[in-house]
file data03.cif (mmCIF, C-alpha atoms)
data_target
loop_
_atom_site.label_atom_id
_atom_site.label_comp_id
_atom_site.auth_asym_id
_atom_site.auth_seq_id
_atom_site.Cartn_x
_atom_site.Cartn_y
_atom_site.Cartn_z
CA MET M 1 0.00 0.00 0.00
CA LYS M 2 1.24 3.49 -0.88
CA PHE M 3 0.99 6.03 1.92
CA ALA M 4 0.55 9.78 1.45
CA GLN M 5 3.60 11.95 1.88
CA ASN M 6 3.90 14.19 4.92
CA LEU M 7 2.62 17.67 4.04
CA THR M 8 3.44 21.06 5.50
CA PRO M 9 0.45 22.98 6.96
CA ARG M 10 0.38 25.21 3.84
CA GLN M 11 0.43 22.22 1.49
CA GLY M 12 -2.29 20.53 3.52
CA LEU M 13 -4.49 23.62 3.32
CA LEU M 14 -4.03 23.91 -0.46
CA LYS M 15 -4.85 20.24 -0.92
CA ALA M 16 -7.99 20.57 1.21
CA LEU M 17 -9.16 23.63 -0.77
CA THR M 18 -8.54 21.88 -4.08
CA LEU M 19 -10.53 18.86 -2.92
CA ALA M 20 -13.39 21.06 -1.74
CA ILE M 21 -13.55 22.85 -5.13
CA LEU M 22 -13.62 19.54 -6.99
CA VAL M 23 -16.42 18.20 -4.80
CA LEU M 24 -18.42 21.41 -5.23
CA ALA M 25 -18.01 21.32 -9.01
CA SER M 26 -19.19 17.71 -9.11
CA VAL M 27 -22.50 18.46 -7.39
CA MET M 28 -23.36 21.88 -8.85
CA PRO M 29 -25.47 21.98 -12.02
CA PRO M 30 -23.36 22.90 -15.05
CA THR M 31 -25.68 25.81 -15.87
CA VAL M 32 -24.89 27.40 -12.49
CA LEU M 33 -21.16 27.15 -13.05
CA ALA M 34 -21.51 28.55 -16.57
CA ASN M 35 -23.64 31.48 -15.46
CA GLU M 36 -21.24 32.42 -12.66
CA SER M 37 -18.33 32.39 -15.10
CA GLY M 38 -20.18 34.77 -17.40
CA GLU M 39 -20.43 32.22 -20.22
CA LYS M 40 -23.58 31.10 -22.02
CA ALA M 41 -25.73 28.52 -20.28
CA THR M 42 -24.99 24.96 -21.32
CA PHE M 43 -27.37 22.96 -23.48
CA ASN M 44 -30.15 21.85 -21.15
CA SER M 45 -30.94 18.35 -22.39
CA THR M 46 -33.12 17.56 -19.37
CA THR M 47 -35.45 20.46 -20.11
CA LEU M 48 -35.49 19.58 -23.80
CA GLN M 49 -36.37 15.95 -23.08
CA THR M 50 -39.25 17.17 -20.93
CA ILE M 51 -40.50 19.32 -23.82
CA LEU M 52 -40.21 16.45 -26.29
CA THR M 53 -42.54 14.30 -24.20
CA SER M 54 -44.96 17.10 -23.35
CA SER M 55 -48.66 16.77 -24.13
CA HIS M 56 -48.69 19.94 -26.26
CA ARG M 57 -47.01 17.84 -28.97
CA SER M 58 -49.27 15.44 -30.82
CA VAL M 59 -48.53 11.73 -30.85
CA ALA M 60 -47.89 11.97 -34.59
CA ASN M 61 -45.28 14.70 -34.09
CA ARG M 62 -43.58 12.81 -31.29
CA ASP M 63 -43.44 9.70 -33.46
CA ARG M 64 -41.29 11.62 -35.92
CA ASP M 65 -38.55 12.25 -33.35
CA LYS M 66 -36.95 8.94 -34.33
CA TYR M 67 -36.38 10.32 -37.83
CA ARG M 68 -35.57 13.93 -36.98
CA HIS M 69 -33.48 13.56 -33.79
CA PRO M 70 -34.40 17.02 -32.49
CA ALA M 71 -32.36 16.94 -29.28
CA GLN M 72 -29.14 15.88 -31.02
CA THR M 73 -29.75 18.24 -33.95
CA LEU M 74 -30.33 21.30 -31.78
CA GLU M 75 -27.34 20.47 -29.61
CA PHE M 76 -25.17 20.18 -32.72
CA PHE M 77 -26.33 23.63 -33.85
CA GLY M 78 -25.36 25.03 -30.44
CA LEU M 79 -28.78 25.99 -29.10
CA HIS M 80 -28.84 27.54 -25.61
CA PRO M 81 -31.91 28.65 -23.62
CA ASN M 82 -30.80 32.30 -23.50
CA MET M 83 -30.40 32.77 -27.26
CA THR M 84 -32.34 34.83 -29.77
CA VAL M 85 -33.29 32.33 -32.48
CA VAL M 86 -34.95 32.73 -35.88
CA GLU M 87 -36.75 29.74 -37.39
CA LEU M 88 -37.15 30.21 -41.15
CA TRP M 89 -40.28 28.95 -42.89
CA ALA M 90 -41.59 27.07 -39.86
CA GLY M 91 -44.21 25.17 -41.90
CA GLY M 92 -46.66 23.47 -39.58
CA GLY M 93 -44.59 24.34 -36.53
CA TRP M 94 -43.02 20.95 -35.82
CA TYR M 95 -39.79 22.50 -34.53
CA THR M 96 -41.61 25.57 -33.22
CA GLU M 97 -43.34 23.32 -30.67
CA ILE M 98 -39.90 22.47 -29.30
CA LEU M 99 -38.10 25.79 -29.64
CA ALA M 100 -40.84 28.03 -28.19
CA PRO M 101 -41.00 26.52 -24.69
CA PHE M 102 -37.24 25.93 -24.60
CA LEU M 103 -36.53 29.63 -25.21
CA ALA M 104 -39.52 31.13 -23.38
CA ALA M 105 -37.89 31.87 -20.03
CA LYS M 106 -34.52 33.35 -21.02
CA GLY M 107 -34.40 33.61 -24.80
CA GLN M 108 -36.48 34.72 -27.77
CA LEU M 109 -37.91 32.77 -30.69
CA ILE M 110 -38.73 34.57 -33.93
CA VAL M 111 -40.55 32.67 -36.67
CA THR M 112 -41.25 33.78 -40.21
CA ASN M 113 -44.65 33.77 -41.86
CA LEU M 114 -45.82 35.14 -45.18
CA ALA M 115 -47.22 38.66 -44.80
CA LYS M 116 -50.91 39.03 -45.63
CA SER M 117 -50.97 35.51 -47.03
CA THR M 118 -54.30 33.77 -47.51
CA SER M 119 -52.67 30.38 -48.11
CA LYS M 120 -53.93 27.60 -45.89
CA PRO M 121 -50.49 26.72 -44.43
CA ALA M 122 -49.73 30.33 -43.46
CA LEU M 123 -53.14 30.84 -41.87
CA ALA M 124 -53.00 27.48 -40.10
CA PHE M 125 -49.61 28.31 -38.60
CA GLN M 126 -50.82 31.69 -37.35
CA GLU M 127 -53.88 30.02 -35.83
CA LYS M 128 -51.68 27.40 -34.19
CA LEU M 129 -49.64 30.10 -32.44
CA ALA M 130 -52.73 32.02 -31.32
CA ALA M 131 -54.54 28.93 -30.03
CA ASN M 132 -51.92 28.03 -27.41
CA PRO M 133 -50.55 31.17 -25.72
CA GLU M 134 -49.15 29.11 -22.87
CA VAL M 135 -46.66 27.55 -25.30
CA PHE M 136 -46.39 30.17 -28.06
CA GLY M 137 -47.30 33.41 -26.28
CA LYS M 138 -43.75 34.81 -26.35
CA VAL M 139 -43.02 33.89 -29.96
CA LYS M 140 -42.49 36.82 -32.32
CA VAL M 141 -43.54 36.59 -35.96
CA ALA M 142 -41.48 38.23 -38.70
CA GLN M 143 -43.86 38.95 -41.56
CA ILE M 144 -42.00 38.41 -44.83
CA ASN M 145 -42.80 38.63 -48.52
CA PRO M 146 -39.91 37.10 -50.46
CA PRO M 147 -37.89 37.93 -52.37
CA THR M 148 -38.16 41.66 -51.64
CA GLU M 149 -39.33 41.81 -48.01
CA LEU M 150 -37.04 39.60 -45.96
CA THR M 151 -36.24 41.43 -42.74
CA LEU M 152 -35.94 38.75 -40.08
CA ALA M 153 -34.78 40.86 -37.13
CA PRO M 154 -32.68 43.96 -36.45
CA ASP M 155 -29.21 43.76 -37.96
CA ASN M 156 -26.62 41.84 -35.91
CA SER M 157 -29.15 40.87 -33.21
CA VAL M 158 -29.64 37.10 -33.61
CA ASP M 159 -27.57 34.25 -32.17
CA LEU M 160 -28.91 31.39 -34.25
CA VAL M 161 -30.89 31.03 -37.50
CA LEU M 162 -32.39 27.62 -38.26
CA THR M 163 -33.91 26.10 -41.37
CA PHE M 164 -35.32 22.61 -41.67
CA ARG M 165 -35.95 21.15 -45.15
CA ASN M 166 -36.69 24.46 -46.88
CA ILE M 167 -33.80 25.04 -49.26
CA HIS M 168 -35.28 23.03 -52.13
CA ASN M 169 -38.34 25.30 -52.04
CA TRP M 170 -36.21 28.47 -52.02
CA VAL M 171 -34.18 27.20 -54.97
CA LYS M 172 -37.33 26.34 -56.89
CA ALA M 173 -38.75 29.81 -56.18
CA GLY M 174 -35.45 31.43 -57.18
CA TYR M 175 -34.73 33.37 -53.99
CA ASP M 176 -32.41 31.15 -51.98
CA GLU M 177 -29.58 33.71 -52.24
CA GLN M 178 -31.82 36.45 -50.82
CA VAL M 179 -32.75 34.26 -47.84
CA TYR M 180 -29.10 33.54 -47.04
CA ALA M 181 -28.33 37.25 -47.27
CA ALA M 182 -31.19 38.08 -44.90
CA ALA M 183 -29.97 35.49 -42.40
CA TYR M 184 -26.43 36.85 -42.60
CA LYS M 185 -27.66 40.39 -42.00
CA ALA M 186 -29.72 39.41 -38.93
CA LEU M 187 -27.03 37.30 -37.25
CA LYS M 188 -24.47 38.69 -34.87
CA PRO M 189 -20.83 38.26 -35.87
CA GLY M 190 -20.06 34.74 -34.66
CA GLY M 191 -23.71 33.75 -34.99
CA ILE M 192 -24.71 30.37 -36.40
CA LEU M 193 -26.83 29.28 -39.36
CA GLY M 194 -28.08 25.71 -38.89
CA VAL M 195 -29.22 23.87 -42.01
CA GLU M 196 -31.06 20.59 -42.38
CA GLU M 197 -32.00 19.57 -45.93
CA HIS M 198 -32.88 16.53 -48.04
CA ARG M 199 -29.57 15.21 -49.38
CA GLY M 200 -29.40 14.08 -53.00
CA LYS M 201 -26.83 11.97 -54.77
CA PRO M 202 -23.53 13.84 -55.25
CA ASP M 203 -24.00 14.20 -59.02
CA ILE M 204 -27.63 15.37 -58.92
CA SER M 205 -28.37 18.22 -61.31
CA LEU M 206 -30.05 21.45 -60.28
CA GLN M 207 -33.05 20.62 -62.46
CA GLU M 208 -33.40 17.21 -60.82
CA SER M 209 -33.11 18.81 -57.38
CA ILE M 210 -35.98 21.15 -58.15
CA LYS M 211 -38.05 18.22 -59.42
CA THR M 212 -37.34 15.76 -56.60
CA GLY M 213 -36.64 17.95 -53.56
CA TYR M 214 -33.21 16.38 -53.04
CA MET M 215 -30.31 18.86 -52.96
CA SER M 216 -26.61 18.46 -53.65
CA GLU M 217 -24.74 18.95 -50.36
CA ASP M 218 -21.79 20.53 -52.13
CA ARG M 219 -24.08 22.94 -53.99
CA VAL M 220 -25.78 23.99 -50.75
CA ILE M 221 -22.44 24.61 -49.04
CA THR M 222 -21.17 26.66 -51.99
CA ALA M 223 -24.33 28.80 -52.09
CA VAL M 224 -24.34 29.49 -48.34
CA GLU M 225 -20.64 30.32 -48.25
CA LYS M 226 -21.13 32.66 -51.20
CA ALA M 227 -23.36 34.72 -48.89
CA GLY M 228 -20.40 35.18 -46.50
CA PHE M 229 -20.84 32.23 -44.14
CA LYS M 230 -18.16 29.66 -43.33
CA LEU M 231 -18.90 25.96 -42.88
CA VAL M 232 -17.76 24.87 -39.41
CA GLY M 233 -19.38 21.48 -39.01
CA LYS M 234 -21.23 18.57 -40.59
CA SER M 235 -23.19 15.88 -38.81
CA GLU M 236 -24.69 12.57 -39.85
CA ILE M 237 -27.37 12.79 -37.14
CA ASN M 238 -30.12 12.83 -39.76
CA ALA M 239 -28.56 10.48 -42.29
CA ASN M 240 -30.68 7.61 -43.62
CA PRO M 241 -28.70 5.04 -45.66
CA LYS M 242 -31.95 3.22 -46.55
CA ASP M 243 -33.07 6.18 -48.67
CA THR M 244 -32.35 5.25 -52.31
CA LYS M 245 -33.43 8.71 -53.60
CA ASP M 246 -34.92 7.36 -56.84
CA TYR M 247 -38.68 7.50 -56.28
CA PRO M 248 -41.30 8.53 -58.84
CA GLY M 249 -42.62 11.28 -56.59
CA GLY M 250 -39.28 12.53 -55.34
CA VAL M 251 -38.69 13.03 -51.63
CA TRP M 252 -42.43 13.37 -51.07
CA THR M 253 -42.78 9.65 -51.81
CA LEU M 254 -41.41 8.98 -48.32
CA PRO M 255 -43.08 9.76 -44.98
CA PRO M 256 -44.61 11.95 -43.82
CA THR M 257 -46.14 12.92 -47.20
CA LEU M 258 -46.39 9.41 -48.75
CA SER M 259 -47.46 10.91 -52.07
CA GLN M 260 -48.00 7.49 -53.69
CA GLY M 261 -50.90 6.73 -51.35
CA GLN M 262 -51.26 3.02 -50.71
CA LYS M 263 -48.87 1.99 -53.49
CA ASP M 264 -45.78 0.41 -51.88
CA ARG M 265 -46.77 2.20 -48.67
CA GLN M 266 -45.18 -0.32 -46.32
CA ARG M 267 -41.93 -0.21 -48.28
CA PHE M 268 -41.71 3.56 -47.90
CA LEU M 269 -42.66 3.43 -44.24
CA THR M 270 -39.86 0.93 -43.70
CA ILE M 271 -37.38 3.29 -45.36
CA GLY M 272 -38.56 6.17 -43.17
CA GLU M 273 -37.96 9.87 -43.75
CA SER M 274 -35.33 11.14 -46.19
CA ASP M 275 -31.56 11.11 -45.91
CA ARG M 276 -30.60 14.60 -44.73
CA MET M 277 -27.53 16.78 -44.56
CA THR M 278 -27.05 18.65 -41.28
CA LEU M 279 -24.71 21.59 -41.68
CA LYS M 280 -23.45 24.29 -39.32
CA PHE M 281 -22.26 27.64 -40.66
CA VAL M 282 -20.88 30.70 -38.85
CA LYS M 283 -21.02 34.39 -39.68
CA PRO M 284 -17.35 35.31 -39.25
CA LYS M 285 -16.39 37.87 -36.65
CA ALA M 286 -14.84 41.07 -37.97
CA SER M 287 -11.06 40.72 -38.23
#
call {"tool": "encode", "arguments": {"input": "data03.cif", "output": "structure tokens"}}
result
Amino acid sequence: MKFAQNLTPRQGLLKALTLAILVLASVMPPTVLANESGEKATFNSTTLQTILTSSHRSVANRDRDKYRHPAQTLEFFGLHPNMTVVELWAGGGWYTEILAPFLAAKGQLIVTNLAKSTSKPALAFQEKLAANPEVFGKVKVAQINPPTELTLAPDNSVDLVLTFRNIHNWVKAGYDEQVYAAAYKALKPGGILGVEEHRGKPDISLQESIKTGYMSEDRVITAVEKAGFKLVGKSEINANPKDTKDYPGGVWTLPPTLSQGQKDRQRFLTIGESDRMTLKFVKPKAS
């Protein structure tokens, strides 16, 4: 057995203080330590897991977690509860249901919606927010009218901009570059743009992307970096190797759309949702 060396009173005191600090650090929540050091709060996975299982999310939406991996995706993008976050083209609000309560206490969620739109999706999303003020009451809506009206937030005021499976629509509409520019303008220097998108085969043409909804990862990276961003990370969190990407109805053949109806339905359900790129870009700080 190895015995401790004899210590001077000063050495003994230093050792005791060091041990006390280590014990304290081991029992204190990491968010407390981060706040006291002046740094951003750490990613609160416990709170997020509570939100993911909350009753305000439908069973159908919760069932899609196994395809979309929201906790891992948001952690990869660097989400913190005290951030100002913009969600672009929120669709039916699948991610809004998660982001709104996560940011409600210390942060701010801004979602985009089409200004003065009479389309069913835009109206349904607005009604969804209004119907549940307990969850969505603190959410701000940026009314946009692309490609000309795309102010997301005051310049240099946002920590994180997120987009989930929207780029193929922007490319088809011809204003993807304007959206990237608007995101860049709203983000603080050092702010993050998080991108999730259907991933096509490496050699897919632009015309085929528009037709099928699958995008070239390299083409997306090039377009976003052209707007001034720098790619700082890739993740395979949302990869799906079972996705063969050769369906008659494009990406919409797969769940949740299942555009082929009952034809080969079980086959497409077995494949699951599309193979997706998950990319993290930064707005560089001024040199």
call {"tool": "residues_near_point", "arguments": {"input": "data03.cif", "point": "(-23.5, 18.5, -34.5)", "cutoff": "6 Å", "atoms": "all atoms listed in the file", "output": "compact mmCIF listing (two decimals) with C-alpha atoms, in the frame of the given file"}}
result
# COMPACT_ATOMS: atom_id res chain seq x y z
CA PHE M 76 -25.17 20.18 -32.72
CA PHE M 77 -26.33 23.63 -33.85
CA SER M 235 -23.19 15.88 -38.81
call {"tool": "closest_atom_pairs", "arguments": {"input": "data03.cif", "of": "segment 244-282 of chain M", "to": "segment 188-192 of chain M", "cutoff": "7 Å", "atoms": "all atoms listed in the file", "output": "JSON lines"}}
result
{"residue": "M:Lys280", "atom": "CA", "partner": "M:Ile192", "partner_atom": "CA", "distance": 6.9}
{"residue": "M:Phe281", "atom": "CA", "partner": "M:Ile192", "partner_atom": "CA", "distance": 5.6}
{"residue": "M:Val282", "atom": "CA", "partner": "M:Ile192", "partner_atom": "CA", "distance": 4.6}
call {"tool": "residues_around", "arguments": {"input": "data03.cif", "residues": "Phe43 of chain M", "least_positions_apart": "2", "cutoff": "8 Å", "atoms": "all atoms listed in the file", "output": "list in words"}}
result
Ala41, Ser45, Glu75, Gly78, Leu79, His80 and Pro81 of chain M
call {"tool": "resolve_selection", "arguments": {"input": "data03.cif", "expression": "the PyMOL selection byres ((chain M and resi 227) around 8)", "output": "PyMOL selection string"}}
result
chain M and resi 177+180-181+184+223-226+228-229
call {"tool": "residues_near_point", "arguments": {"input": "data03.cif", "point": "(-36.1, 5.3, -43.7)", "cutoff": "9 Å", "atoms": "all atoms listed in the file", "output": "list in words"}}
result
Tyr67, Asn240, Pro241, Lys242, Asp243, Leu254, Pro255, Phe268, Leu269, Thr270, Ile271, Gly272, Glu273, Ser274 and Asp275 of chain M
call {"tool": "residues_around", "arguments": {"input": "data03.cif", "residues": "Glu87 of chain M", "least_positions_apart": "4", "cutoff": "7 Å", "atoms": "only C-alpha atoms", "output": "number ranges by chain"}}
result
M: 110-112, 161-163
call {"tool": "resolve_selection", "arguments": {"input": "data03.cif", "expression": "the PyMOL selection byres ((chain M and resi 140-156) around 7)", "output": "ChimeraX atom specification"}}
result
/M:109-115,138-139,157-158,175,178,182,185-189
call {"tool": "residues_around", "arguments": {"input": "data03.cif", "residues": "Pro202 of chain M", "least_positions_apart": "5", "cutoff": "8 Å", "atoms": "all atoms listed in the file", "output": "PyMOL selection string"}}
result
chain M and resi 216-218
call {"tool": "residues_around", "arguments": {"input": "data03.cif", "residues": "segment 205-215 of chain M", "least_positions_apart": "4", "cutoff": "7 Å", "atoms": "only C-alpha atoms", "output": "JSON, numbers by chain"}}
result
{"M": [168, 172, 198, 199, 200, 249, 250, 251]}
call {"tool": "atom_distance", "arguments": {"input": "data03.cif", "atom1": "atom CA of Leu129 of chain M", "atom2": "atom CA of Trp94 of chain M"}}
result
11.8 Å
call {"tool": "closest_residue", "arguments": {"input": "data03.cif", "among": "M:Tyr247, M:Trp170, M:Phe125, M:Phe136", "to": "Pro101 of chain M", "atoms": "only C-alpha atoms"}}
result
M:Phe136
call {"tool": "closest_residue", "arguments": {"input": "data03.cif", "among": "M:Lys283, M:Lys263, M:Lys128, M:Arg276", "to": "Lys201 of chain M", "atoms": "all atoms listed in the file"}}
result
M:Arg276
call {"tool": "atom_distance", "arguments": {"input": "data03.cif", "atom1": "atom CA of Lys245 of chain M", "atom2": "atom CA of Ile167 of chain M"}}
result
16.9 Å
